[in-house]
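Undergrad: I'm passing along final.csv; it holds CSV, C-alpha atoms.
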chain,number,residue,atom,x,y,z
V,1,MET,CA,-24.5,-8.9,9.5
V,2,LYS,CA,-22.6,-9.1,6.3
V,3,ILE,CA,-19.4,-7.1,6.8
V,4,LEU,CA,-16.5,-6.1,4.6
V,5,VAL,CA,-13.1,-6.1,6.3
V,6,THR,CA,-10.5,-4.5,4.1
V,7,GLY,CA,-6.9,-5.4,4.9
V,8,ALA,CA,-8.1,-8.8,6.2
V,9,ALA,CA,-4.6,-10.3,5.9
V,10,GLY,CA,-3.2,-7.5,8.1
V,11,PHE,CA,-2.5,-7.5,11.8
V,12,ILE,CA,-5.7,-5.9,13.0
V,13,GLY,CA,-7.8,-7.0,10.1
V,14,SER,CA,-7.2,-10.7,10.6
V,15,ALA,CA,-7.8,-10.5,14.4
V,16,LEU,CA,-11.0,-8.5,13.9
V,17,SER,CA,-12.3,-10.9,11.3
V,18,ILE,CA,-11.9,-13.8,13.7
V,19,ARG,CA,-14.0,-11.9,16.4
V,20,LEU,CA,-16.7,-11.1,13.9
V,21,LEU,CA,-16.9,-14.6,12.6
V,22,GLU,CA,-17.0,-16.1,16.1
V,23,ARG,CA,-20.1,-14.1,16.9
V,24,GLY,CA,-21.8,-15.2,13.7
V,25,ASP,CA,-21.3,-12.4,11.2
V,26,GLU,CA,-20.6,-13.1,7.6
V,27,VAL,CA,-17.3,-11.6,6.6
V,28,VAL,CA,-15.8,-10.8,3.2
V,29,GLY,CA,-12.1,-10.0,3.6
V,30,ILE,CA,-10.0,-8.3,1.0
V,31,ASP,CA,-6.3,-7.6,0.8
V,32,ASN,CA,-3.8,-6.9,-2.0
V,33,LEU,CA,-1.2,-9.1,-0.3
V,34,ASN,CA,1.6,-6.6,-1.2
V,35,ASP,CA,5.2,-7.2,-0.2
V,36,TYR,CA,5.6,-4.2,2.2
V,37,TYR,CA,6.5,-6.9,4.7
V,38,ASP,CA,6.6,-10.7,4.6
V,39,VAL,CA,3.8,-12.0,2.5
V,40,ASN,CA,4.1,-15.4,4.2
V,41,LEU,CA,3.0,-13.8,7.5
V,42,LYS,CA,-0.1,-12.4,5.8
V,43,LEU,CA,-0.9,-15.8,4.3
V,44,ALA,CA,-0.5,-17.4,7.7
V,45,ARG,CA,-3.0,-14.9,9.2
V,46,LEU,CA,-5.4,-15.8,6.4
V,47,GLU,CA,-4.9,-19.5,7.1
V,48,ARG,CA,-6.5,-18.9,10.5
V,49,LEU,CA,-9.7,-17.8,8.8
V,50,LYS,CA,-10.1,-20.6,6.2
V,51,ASP,CA,-12.1,-22.9,8.5
V,52,TYR,CA,-14.9,-20.4,9.0
V,53,LYS,CA,-17.7,-21.2,6.5
V,54,GLN,CA,-19.0,-17.7,6.6
V,55,PHE,CA,-15.7,-16.1,5.5
V,56,LYS,CA,-14.7,-15.3,2.0
V,57,PHE,CA,-11.4,-13.9,0.9
V,58,ILE,CA,-10.9,-11.9,-2.3
V,59,LYS,CA,-7.5,-10.6,-3.4
V,60,LEU,CA,-8.2,-7.0,-4.5
V,61,GLU,CA,-6.4,-3.7,-4.8
V,62,ILE,CA,-8.7,-0.9,-3.4
V,63,SER,CA,-7.1,1.7,-5.7
V,64,ASP,CA,-8.7,-0.3,-8.6
V,65,LYS,CA,-11.9,1.6,-9.1
V,66,SER,CA,-13.6,-1.0,-11.3
V,67,ALA,CA,-12.8,-3.9,-9.1
V,68,THR,CA,-14.0,-2.1,-6.0
V,69,GLU,CA,-17.2,-1.1,-7.7
V,70,THR,CA,-17.9,-4.7,-8.7
V,71,LEU,CA,-17.1,-5.9,-5.1
V,72,PHE,CA,-19.7,-3.6,-3.5
V,73,LYS,CA,-22.3,-4.2,-6.2
V,74,ASP,CA,-22.0,-8.0,-6.0
V,75,GLU,CA,-21.7,-8.5,-2.2
V,76,LYS,CA,-24.2,-5.9,-0.8
V,77,PHE,CA,-22.5,-5.3,2.6
V,78,GLN,CA,-24.4,-3.9,5.5
V,79,ARG,CA,-21.3,-2.5,7.2
V,80,VAL,CA,-17.7,-1.8,6.2
V,81,ILE,CA,-14.6,-1.8,8.4
V,82,HIS,CA,-11.8,-0.2,6.3
V,83,LEU,CA,-8.4,-1.1,7.6
V,84,ALA,CA,-6.4,-1.5,4.3
V,85,ALA,CA,-3.8,1.2,3.9
V,86,GLN,CA,-0.2,1.8,3.2
V,87,ALA,CA,1.2,1.9,6.7
V,88,GLY,CA,4.5,3.2,8.2
V,89,VAL,CA,5.7,6.7,8.9
V,90,ARG,CA,9.3,6.3,7.8
V,91,TYR,CA,8.4,4.4,4.6
V,92,SER,CA,6.3,7.4,3.5
V,93,ILE,CA,9.4,9.5,3.4
V,94,THR,CA,10.9,7.4,0.6
V,95,ASN,CA,7.8,6.0,-1.1
V,96,PRO,CA,5.2,8.8,-1.0
V,97,HIS,CA,3.2,7.7,-4.1
V,98,ALA,CA,2.3,4.4,-2.4
V,99,TYR,CA,0.4,6.4,0.2
V,100,ILE,CA,-1.6,8.4,-2.3
V,101,ASP,CA,-2.6,5.3,-4.3
V,102,SER,CA,-3.8,3.3,-1.3
V,103,ASN,CA,-4.7,5.8,1.3
V,104,ILE,CA,-6.3,8.5,-0.8
V,105,ILE,CA,-7.5,6.9,-4.1
V,106,GLY,CA,-8.3,3.6,-2.3
V,107,PHE,CA,-10.3,5.4,0.4
V,108,MET,CA,-12.2,7.3,-2.2
V,109,ASN,CA,-13.2,4.1,-3.8
V,110,ILE,CA,-14.4,2.7,-0.5
V,111,LEU,CA,-16.5,5.8,0.2
V,112,GLU,CA,-18.1,5.6,-3.2
V,113,GLY,CA,-18.8,1.9,-2.7
V,114,CYS,CA,-20.6,2.7,0.6
V,115,ARG,CA,-22.5,5.6,-0.9
V,116,HIS,CA,-23.9,3.8,-3.8
V,117,ASN,CA,-24.7,0.5,-2.1
V,118,GLY,CA,-26.7,1.3,1.0
V,119,VAL,CA,-23.9,0.6,3.5
V,120,GLU,CA,-25.3,1.4,7.0
V,121,HIS,CA,-22.0,2.3,8.7
V,122,LEU,CA,-18.4,2.8,7.6
V,123,ALA,CA,-15.7,2.5,10.3
V,124,TYR,CA,-12.2,3.2,9.2
V,125,ALA,CA,-8.7,3.2,10.6
V,126,SER,CA,-7.1,6.6,11.2
V,127,SER,CA,-4.0,7.0,13.3
V,128,SER,CA,-2.5,8.7,16.3
V,129,SER,CA,0.0,10.1,13.8
V,130,VAL,CA,-2.6,12.8,12.9
V,131,TYR,CA,-1.7,14.6,16.1
V,132,GLY,CA,1.6,15.5,14.5
V,133,ALA,CA,3.1,18.6,16.1
V,134,ASN,CA,0.5,18.8,18.8
V,135,THR,CA,2.0,18.7,22.3
V,136,ASN,CA,-1.1,19.1,24.5
V,137,MET,CA,-1.4,15.8,26.3
V,138,PRO,CA,-3.3,13.6,26.4
V,139,PHE,CA,-4.3,13.8,22.7
V,140,SER,CA,-8.0,14.6,22.4
V,141,VAL,CA,-10.3,14.1,19.4
V,142,HIS,CA,-11.7,17.5,20.2
V,143,ASP,CA,-8.3,19.1,19.5
V,144,ASN,CA,-7.4,20.6,16.1
V,145,VAL,CA,-5.0,18.4,14.2
V,146,ASP,CA,-3.8,20.5,11.2
V,147,HIS,CA,-0.1,20.0,11.6
V,148,PRO,CA,0.9,16.5,10.5
V,149,VAL,CA,4.6,15.8,10.3
V,150,SER,CA,4.6,12.9,7.8
V,151,LEU,CA,2.8,12.2,4.6
V,152,TYR,CA,1.3,9.1,6.2
V,153,ALA,CA,-0.3,11.3,8.9
V,154,ALA,CA,-1.5,13.7,6.2
V,155,THR,CA,-3.3,10.9,4.3
V,156,LYS,CA,-5.0,9.8,7.5
V,157,LYS,CA,-6.2,13.3,8.3
V,158,ALA,CA,-7.4,13.5,4.7
V,159,ASN,CA,-9.4,10.3,5.2
V,160,GLU,CA,-11.2,11.9,8.1
V,161,LEU,CA,-12.0,15.0,6.1
V,162,MET,CA,-13.2,12.9,3.1
V,163,ALA,CA,-15.4,10.8,5.4
V,164,HIS,CA,-16.9,13.9,6.9
V,165,THR,CA,-17.8,15.2,3.5
V,166,TYR,CA,-19.7,11.9,2.6
V,167,SER,CA,-21.4,11.9,6.0
V,168,HIS,CA,-22.6,15.5,5.3
V,169,LEU,CA,-23.5,15.1,1.6
V,170,TYR,CA,-25.0,11.6,1.6
V,171,ASN,CA,-25.9,11.0,5.3
V,172,LEU,CA,-23.4,8.1,5.4
V,173,PRO,CA,-22.6,7.3,9.0
V,174,THR,CA,-18.8,7.2,9.3
V,175,THR,CA,-16.5,6.7,12.3
V,176,GLY,CA,-12.8,7.2,12.3
V,177,LEU,CA,-10.6,5.3,14.7
V,178,ARG,CA,-7.3,6.8,15.7
V,179,PHE,CA,-5.2,3.7,16.8
V,180,PHE,CA,-2.3,4.2,19.1
V,181,THR,CA,0.8,1.9,18.6
V,182,VAL,CA,-0.9,-1.4,18.3
V,183,TYR,CA,1.2,-4.5,19.4
V,184,GLY,CA,0.7,-8.1,20.2
V,185,PRO,CA,0.7,-11.6,18.6
V,186,TRP,CA,0.6,-11.7,14.8
V,187,GLY,CA,2.0,-8.2,14.7
V,188,ARG,CA,3.7,-6.3,11.9
V,189,PRO,CA,7.4,-6.9,11.3
V,190,ASP,CA,8.0,-3.2,10.7
V,191,MET,CA,6.9,-2.3,14.2
V,192,SER,CA,9.3,-1.8,17.1
V,193,LEU,CA,8.3,-4.9,19.2
V,194,PHE,CA,8.7,-7.2,16.3
V,195,MET,CA,12.1,-5.7,15.2
V,196,PHE,CA,13.4,-5.6,18.7
V,197,THR,CA,12.5,-9.2,19.4
V,198,ARG,CA,14.0,-10.5,16.2
V,199,ASN,CA,17.3,-8.6,16.7
V,200,ILE,CA,17.7,-9.5,20.4
V,201,LEU,CA,17.2,-13.2,19.7
V,202,GLU,CA,19.7,-13.0,16.8
V,203,GLY,CA,22.2,-11.2,19.0
V,204,LYS,CA,22.0,-8.0,17.0
V,205,PRO,CA,21.8,-4.5,18.4
V,206,ILE,CA,18.5,-2.7,18.4
V,207,ASP,CA,18.1,0.9,17.1
V,208,VAL,CA,16.7,3.2,19.8
V,209,PHE,CA,15.5,6.4,18.2
V,210,ASN,CA,15.3,9.8,20.0
V,211,TYR,CA,17.9,8.3,22.4
V,212,GLY,CA,15.1,6.4,24.1
V,213,ASN,CA,13.2,9.5,25.1
V,214,HIS,CA,10.0,8.4,23.2
V,215,ARG,CA,6.8,7.7,25.0
V,216,ARG,CA,4.2,5.6,23.3
V,217,ASP,CA,0.7,4.7,24.3
V,218,PHE,CA,1.2,1.0,23.4
V,219,THR,CA,-2.2,-0.6,22.8
V,220,TYR,CA,-2.7,-4.4,22.8
V,221,ILE,CA,-4.4,-6.0,19.8
V,222,ASP,CA,-7.3,-7.5,21.7
V,223,ASP,CA,-8.1,-4.0,23.1
V,224,ILE,CA,-8.1,-2.5,19.6
V,225,VAL,CA,-10.4,-5.3,18.3
V,226,GLU,CA,-12.8,-4.8,21.2
V,227,GLY,CA,-13.0,-1.1,20.5
V,228,VAL,CA,-13.7,-1.6,16.8
V,229,MET,CA,-16.4,-4.2,17.6
V,230,ARG,CA,-18.2,-1.8,19.8
V,231,VAL,CA,-17.9,1.0,17.2
V,232,ILE,CA,-19.2,-1.0,14.2
V,233,ASP,CA,-22.3,-1.9,16.2
V,234,LYS,CA,-23.1,1.7,16.9
V,235,PRO,CA,-23.4,3.8,13.7
V,236,ALA,CA,-22.3,7.4,14.1
V,237,ALA,CA,-25.1,9.9,14.7
V,238,ALA,CA,-25.3,13.6,14.3
V,239,SER,CA,-24.3,15.7,17.4
V,240,GLU,CA,-27.3,17.9,18.2
V,241,GLY,CA,-25.3,20.3,20.2
V,242,TRP,CA,-22.7,20.9,17.5
V,243,ASP,CA,-22.0,24.6,17.0
V,244,GLY,CA,-20.5,25.9,13.7
V,245,ALA,CA,-19.3,29.0,15.5
V,246,LYS,CA,-17.2,26.8,17.7
V,247,PRO,CA,-16.6,23.7,15.6
V,248,ASP,CA,-15.7,20.5,17.5
V,249,PRO,CA,-13.4,18.4,15.3
V,250,GLY,CA,-14.5,15.1,16.9
V,251,THR,CA,-18.2,15.4,16.2
V,252,SER,CA,-20.5,17.0,13.6
V,253,LEU,CA,-24.1,17.9,12.6
V,254,ALA,CA,-23.5,15.1,10.1
V,255,PRO,CA,-23.4,11.4,11.3
V,256,TYR,CA,-19.7,11.5,11.9
V,257,ARG,CA,-17.5,10.6,14.8
V,258,ILE,CA,-13.8,10.2,15.7
V,259,TYR,CA,-12.5,8.1,18.6
V,260,ASN,CA,-9.1,7.5,20.0
V,261,ILE,CA,-8.4,3.8,20.8
V,262,GLY,CA,-5.3,3.8,23.0
V,263,ASN,CA,-4.2,2.4,26.3
V,264,ASN,CA,-4.3,5.9,28.0
V,265,ASN,CA,-1.0,5.1,29.7
V,266,PRO,CA,2.1,6.2,27.8
V,267,VAL,CA,5.3,4.2,28.4
V,268,ASN,CA,8.9,5.3,28.0
V,269,LEU,CA,10.6,3.5,25.2
V,270,LEU,CA,13.4,2.3,27.5
V,271,THR,CA,10.8,0.9,29.9
V,272,PHE,CA,9.2,-0.9,27.0
V,273,ILE,CA,12.6,-2.4,26.0
V,274,GLU,CA,13.3,-3.4,29.6
V,275,THR,CA,10.0,-5.2,29.8
V,276,LEU,CA,10.8,-7.1,26.6
V,277,GLU,CA,14.3,-7.9,27.9
V,278,ASN,CA,12.8,-9.4,31.0
V,279,CYS,CA,10.3,-11.5,28.9
V,280,LEU,CA,13.2,-12.8,26.7
V,281,GLY,CA,15.7,-13.2,29.5
V,282,ILE,CA,18.2,-11.3,27.4
V,283,GLU,CA,19.7,-7.9,27.6
V,284,ALA,CA,19.7,-6.0,24.3
V,285,ALA,CA,22.7,-4.2,22.8
V,286,LYS,CA,21.4,-0.7,22.0
V,287,ASN,CA,22.3,1.7,19.2
V,288,PHE,CA,21.0,5.1,20.3
V,289,LEU,CA,20.0,7.4,17.5
V,290,PRO,CA,18.3,10.8,17.1
V,291,LEU,CA,14.6,11.4,16.4
V,292,GLN,CA,13.8,10.3,12.9
V,293,PRO,CA,12.0,12.5,10.3
V,294,GLY,CA,8.2,12.2,10.6
V,295,ASP,CA,8.3,10.7,14.1
V,296,VAL,CA,6.6,12.4,17.0
V,297,PRO,CA,8.3,12.2,20.5
V,298,ASP,CA,5.2,11.1,22.5
V,299,THR,CA,1.7,9.8,22.1
V,300,TYR,CA,-1.0,9.7,24.8
V,301,ALA,CA,-4.6,8.9,24.1
V,302,ASP,CA,-7.6,10.6,25.8
V,303,VAL,CA,-10.2,7.8,25.5
V,304,SER,CA,-13.0,9.5,27.5
V,305,ASP,CA,-15.3,9.7,24.4
V,306,LEU,CA,-14.8,5.9,23.8
V,307,ALA,CA,-15.6,5.2,27.5
V,308,ASN,CA,-18.6,7.6,27.6
V,309,ASP,CA,-20.2,6.6,24.3
V,310,LEU,CA,-19.3,2.9,24.1
V,311,GLY,CA,-18.6,1.9,27.7
V,312,TYR,CA,-15.1,0.7,26.9
V,313,LYS,CA,-11.5,1.6,27.8
V,314,PRO,CA,-8.5,-0.4,26.8
V,315,GLY,CA,-6.4,-1.6,29.7
V,316,THR,CA,-4.2,-4.7,29.0
V,317,PRO,CA,-1.0,-4.4,31.0
V,318,LEU,CA,2.2,-4.0,29.0
V,319,GLN,CA,3.9,-7.0,30.8
V,320,LYS,CA,1.0,-9.3,29.8
V,321,GLY,CA,0.9,-8.0,26.2
V,322,ILE,CA,4.6,-8.3,25.6
V,323,SER,CA,4.7,-11.7,27.2
V,324,ASN,CA,1.9,-12.9,24.9
V,325,PHE,CA,3.8,-11.6,21.9
V,326,VAL,CA,7.1,-13.3,22.9
V,327,GLU,CA,5.2,-16.6,23.3
V,328,TRP,CA,3.6,-16.3,19.9
V,329,TYR,CA,6.8,-15.2,18.2
V,330,SER,CA,8.7,-18.2,19.7
V,331,HIS,CA,6.0,-20.6,18.5
V,332,PHE,CA,5.5,-19.1,15.1
V,333,TYR,CA,9.2,-19.0,14.2
V,334,ARG,CA,10.0,-22.3,16.1
V,335,ILE,CA,12.6,-20.7,18.4
V,336,VAL,CA,13.8,-22.8,21.2
V,337,ARG,CA,14.6,-20.7,24.3
Kindly transcribe the structure held in the file into structure tokens.
TA:
Amino acid sequence: MKILVTGAAGFIGSALSIRLLERGDEVVGIDNLNDYYDVNLKLARLERLKDYKQFKFIKLEISDKSATETLFKDEKFQRVIHLAAQAGVRYSITNPHAYIDSNIIGFMNILEGCRHNGVEHLAYASSSSVYGANTNMPFSVHDNVDHPVSLYAATKKANELMAHTYSHLYNLPTTGLRFFTVYGPWGRPDMSLFMFTRNILEGKPIDVFNYGNHRRDFTYIDDIVEGVMRVIDKPAAASEGWDGAKPDPGTSLAPYRIYNIGNNNPVNLLTFIETLENCLGIEAAKNFLPLQPGDVPDTYADVSDLANDLGYKPGTPLQKGISNFVEWYSHFYRIVR
């Protein structure tokens, strides 16, 4: 298939592109290569893709309506995996307009591109952040999620609503993927594992928010990619049993689905840090801080729909995942340990 991967220089996008290329798909990757974090890391991820003849990279800003229209018109994609977005909960507190430009206007342009160019299936990244103030665990796609606690989460919820509208009006199959705290080699420098590793190796204290009482459903990058691969191969279909009198948020009479992709095994933040300390052989100095605005205390994914519909459930052990990250980090940054 010919597949568009937006955010192809990103953590998930680059790993996913490799998997698609290895199975023989033709991939067009786009990214704006912004400086939200180290551009050199993004370029290094793209470097891994350059040897695949069926890969093409285009630097493009998805909030640019004209450029996005031209991309879809020229390339004629069969399927689209939309991962490009302004990420980060805390960054959305100080830079809200970036989230509207990328996550709302950009997503609108992707939807329009799919609608007008015969795309068979749009799979897009949502986030566990949409669960917001929900406390019923584990988080289920069949629960109402109308109480986001950050603008980032609100934009991801908006994406789900926008996608449903296009599924309903134009019969465009769309599948939203709520990712749960993705980690692993080639990860993002603004995520906790990356920041903790860097500070510990540099002898600096690490900031432990909510006094370490967070629980996160840490999900290894390979598990995320496998979930996305299975989803893109199965376009969303209408749910025949859907009842408007008792509307199910996770399905629809339109060809629309939502899935959680998480490890289904929440880990206490202090346990996560202890595992990293064991892998590094160094004990971290810890700076305990209160819960930050926009953060949620716990995440825990119910992945029963993913397992039932697609026969897949993430399960990489935390010890293995963190060990793989530390090995990659040491090699990439040439750290002698």
Undergrad: Would you list the contacts of Arg188 (chain V) as an mmCIF file with C-alpha atoms, keeping the file's coordinate frame, taking every protein, DNA or RNA residue within 12 Å and counting all atoms listed in the file, but skipping same-chain residues closer than 5 positions in sequence?
TA:
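After the write, around-v8.cif holds the following:
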data_model
loop_
_atom_site.group_PDB
_atom_site.id
_atom_site.type_symbol
_atom_site.label_atom_id
_atom_site.label_comp_id
_atom_site.auth_asym_id
_atom_site.auth_seq_id
_atom_site.Cartn_x
_atom_site.Cartn_y
_atom_site.Cartn_z
ATOM 1 C CA ALA V 9 -4.600 -10.300 5.900
ATOM 2 C CA GLY V 10 -3.200 -7.500 8.100
ATOM 3 C CA PHE V 11 -2.500 -7.500 11.800
ATOM 4 C CA ILE V 12 -5.700 -5.900 13.000
ATOM 5 C CA GLY V 13 -7.800 -7.000 10.100
ATOM 6 C CA SER V 14 -7.200 -10.700 10.600
ATOM 7 C CA TYR V 36 5.600 -4.200 2.200
ATOM 8 C CA TYR V 37 6.500 -6.900 4.700
ATOM 9 C CA ASP V 38 6.600 -10.700 4.600
ATOM 10 C CA VAL V 39 3.800 -12.000 2.500
ATOM 11 C CA ASN V 40 4.100 -15.400 4.200
ATOM 12 C CA LEU V 41 3.000 -13.800 7.500
ATOM 13 C CA LYS V 42 -0.100 -12.400 5.800
ATOM 14 C CA ARG V 45 -3.000 -14.900 9.200
ATOM 15 C CA ALA V 87 1.200 1.900 6.700
ATOM 16 C CA GLY V 88 4.500 3.200 8.200
ATOM 17 C CA THR V 181 0.800 1.900 18.600
ATOM 18 C CA VAL V 182 -0.900 -1.400 18.300
ATOM 19 C CA TYR V 183 1.200 -4.500 19.400
ATOM 20 C CA LEU V 193 8.300 -4.900 19.200
ATOM 21 C CA PHE V 194 8.700 -7.200 16.300
ATOM 22 C CA MET V 195 12.100 -5.700 15.200
ATOM 23 C CA PHE V 196 13.400 -5.600 18.700
ATOM 24 C CA THR V 197 12.500 -9.200 19.400
ATOM 25 C CA ARG V 198 14.000 -10.500 16.200
ATOM 26 C CA ILE V 221 -4.400 -6.000 19.800
ATOM 27 C CA PHE V 325 3.800 -11.600 21.900
ATOM 28 C CA TYR V 329 6.800 -15.200 18.200
#
Undergrad: May I ask which of the residues V:Thr251, V:Thr175, V:Asn134, V:Thr275 is the closest one to Lys234 (chain V), counting all atoms listed in the file?
TA: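 Comparing V:Thr251, V:Thr175, V:Asn134, V:Thr275 against Lys234 (chain V), the winner is V:Thr175.
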Undergrad: Of the candidates V:Ser126, V:Gln292, V:Asn32, V:Ser323, which shows the shortest atom-to-atom distance to Phe57 (chain V), using all atoms listed in the file?
TA: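 Of V:Ser126, V:Gln292, V:Asn32, V:Ser323, the one nearest Phe57 (chain V), counting all atoms listed in the file, is V:Asn32.
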Undergrad: Near Gly7 (chain V), within 12 Å and counting only C-alpha atoms, which residues show up once chain neighbours fewer than 5 positions away are dropped, as a PyMOL selection string?
TA: chain V and resi 12-17+28-34+42+45-46+57-62+80-87+102-103+106+124-125
Undergrad: Can you tell me how far CA of Asp222 (chain V) sits from CA of Gly315 (chain V), in Å to one decimal?
TA: 10.0 Å
Undergrad: When you look at Ala284 (chain V) with a cut-off of 9 Å (counting only C-alpha atoms), what residues show up, excluding the ones that are within fewer than 6 positions of it in the same chain? I need them as a CSV table (one decimal) with C-alpha atoms, in the frame of the given file.
TA:
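Just written: selection_15.csv:
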chain,number,residue,atom,x,y,z
V,196,PHE,CA,13.4,-5.6,18.7
V,199,ASN,CA,17.3,-8.6,16.7
V,200,ILE,CA,17.7,-9.5,20.4
V,201,LEU,CA,17.2,-13.2,19.7
V,203,GLY,CA,22.2,-11.2,19.0
V,204,LYS,CA,22.0,-8.0,17.0
V,205,PRO,CA,21.8,-4.5,18.4
V,206,ILE,CA,18.5,-2.7,18.4
V,273,ILE,CA,12.6,-2.4,26.0
V,274,GLU,CA,13.3,-3.4,29.6
V,277,GLU,CA,14.3,-7.9,27.9
Undergrad: How many Å separate CA of Asn136 (chain V) from CA of Ala254 (chain V)?
TA: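 Calculated distance between CA of Asn136 (chain V) and CA of Ala254 (chain V) is 26.9 Å.
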Undergrad: For Tyr131 (chain V), list every protein, DNA or RNA residue within 9 Å, evaluated using only C-alpha atoms, and leave out those in the same chain fewer than 3 positions away; present the list as a list in words.
TA: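 Answer for this query is Ser127, Ser128, Asn134, Thr135, Phe139, Ser140, Asp143, Asn144, Val145, Asp146, His147, Pro148, Val149, Ala153, Val296 and Thr299 of chain V.
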Undergrad: Closest to Ala98 (chain V) among V:Lys53, V:Asp74, V:Tyr152, V:Ala123, using only C-alpha atoms?
TA: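 Checking each candidate against Ala98 (chain V), we get V:Tyr152 as the closest.
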Undergrad: My list of candidates is V:Asn109, V:Gln319, V:Ser167, V:Gln54. Which is closest to Glu22 (chain V) when distances are computed with only C-alpha atoms?
TA: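 Of the candidates, the smallest distance to Glu22 (chain V) is held by V:Gln54.
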Undergrad: I'd like the neighbourhood of Arg115 (chain V) as JSON, numbers by chain, where a residue qualifies if any of its atoms comes within 10 Å (using only C-alpha atoms), though same-chain residues fewer than 2 positions away should be ignored.
TA: {"V": [72, 109, 110, 111, 112, 113, 117, 118, 119, 120, 122, 166, 167, 169, 170, 171, 172]}
Undergrad: For CA of Phe179 (chain V) and CA of Asn265 (chain V), determine how far apart the two atoms are, in Å to one decimal place.
TA: 13.6 Å
Undergrad: Looking at V:His331, V:His121, V:Lys286, V:His142, which one is nearest to Trp186 (chain V), with distances taken over all atoms listed in the file?
TA: V:His331
Undergrad: For Val231 (chain V), which residue out of V:Leu270, V:Leu306, V:Val5, V:Cys279 is the nearest one, using all atoms listed in the file?
TA: V:Leu306
